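Below: the structure, in structure tokens.
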Amino acid sequence: MSIIQLSSLFELTLVDWLLAFLAAMLVGMSKSGFKGLGVIIVTTFALVFGAKSSTGLILPILIVGDIIAVIYYTRHTQWKYLLQMLPAMIVGVLIGVKVGEDLDESTFKQGMAVIILLSVGMMWWWDRRNSKKVPTHWLFGTLMGLGAGFTTMVGNLAGAFSNIYFLAMRLPKNQFIGTAAWLFFIINLFKLPFHIYTWKTIDIQTISVNLWLLSAVFLGFVLGLQIVKRIENNQYRKFILIVTAIGALTIFFK
């Protein structure tokens, strides 16, 4: 039985549905390359559906967004950087499955808030460094991959770690977006069976909610493309840090 019960879905208020629709639209925008919205998305879904429940409910929506992003940005994908991070990210997901399986709702929320704030601090520190040297040691990619894998499983919050990694690699905007698109498409598909069979946060009822929200994902992607095209590379880096920081404070004080 899923954490989310069918009866509770029918009890959602109009405000709940509007928030869910807005969050789904932000998913589309984030997948278009409008990075840094993940924390706001996760926060909104957690407010409506509960912290742990929302991690499963949001996953099919994320995968739909991943598919759109992969189709649009695949020509910009830098497979070298993706493959450096992917193995460790898979291990991080497996650790997250075990750790998060028995966490209660309160602990889950507190953990999400701490992870976000630490991630934002890491991103801010990295972008403030005077050195522009690209890290080449294998340990850097491994640590970022483990952090991204763990946080994406327990809260769909891998954005900060992956952002740090791709910012550190000095990838131009479109290469950043294209590489991240494929990375998260692969890892979100990998997470799917654990949400269905281990955590039981996805079933026919949650999928029915997803179907109502799909149009918002497409709308958000189209809107996000128009914004991303107008952002220069330097502005894009600053934008990622600022929006992620705002989202972190939102979930911490909610």
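Chain lettering (A, B, ...) mirrors the order of the structure tokens, residue numbering begins at 1 for each chain separately, and ligand numbering begins at 1 in order of display.
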
Task: Contacts of Leu18 in chain A at 12 Å (only C-alpha atoms; same-chain gap of 3+ positions) as JSON, numbers by chain - done: {"A": [12, 13, 14, 15, 21, 22, 23, 24, 25, 44, 45, 48, 212, 213, 216]}

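Comparing A:Gly121, A:Gly155, A:Gly96, A:Pro172 by their smallest distance to Thr43 in chain A, the closest is A:Gly155 (using only C-alpha atoms).
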
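Residue nearest Thr179 in chain A within the list A:Val70, A:Met89, A:Ile196, A:Leu146: A:Val70 [criterion: smallest interatomic distance, only C-alpha atoms].
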
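With only C-alpha atoms as the atoms that count, the minimum distance from Leu83 in chain A to the choices A:Val64, A:Ile202, A:Leu219, A:Ile187 is reached by A:Ile187.
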
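Of the residues listed (A:Phe218, A:Phe161, A:Trp125, A:Phe34), A:Phe161 shows the shortest atom-to-atom separation from Gly147 in chain A; distances use only C-alpha atoms.
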
Open item on the list: According to DSSP computed on the backbone, where in range 14-249 of chain A is there helix (DSSP H, G or I)? Give the residues as a ChimeraX atom specification.
Closed with: /A:14-31,38-49,51-57,59-76,79-100,105-128,138-155,159-168,173-198,204-228,233-249

Task: Distance query Trp182 in chain A at most 8 Å, only C-alpha atoms, self and fewer than 6 positions along chain excluded, as number ranges by chain - done: A: 66, 70, 74, 77, 82

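Across A:Trp199, A:Trp138, A:Phe221, A:Phe108, the tightest approach to Ala46 in chain A is made by A:Phe108 when counting only C-alpha atoms.
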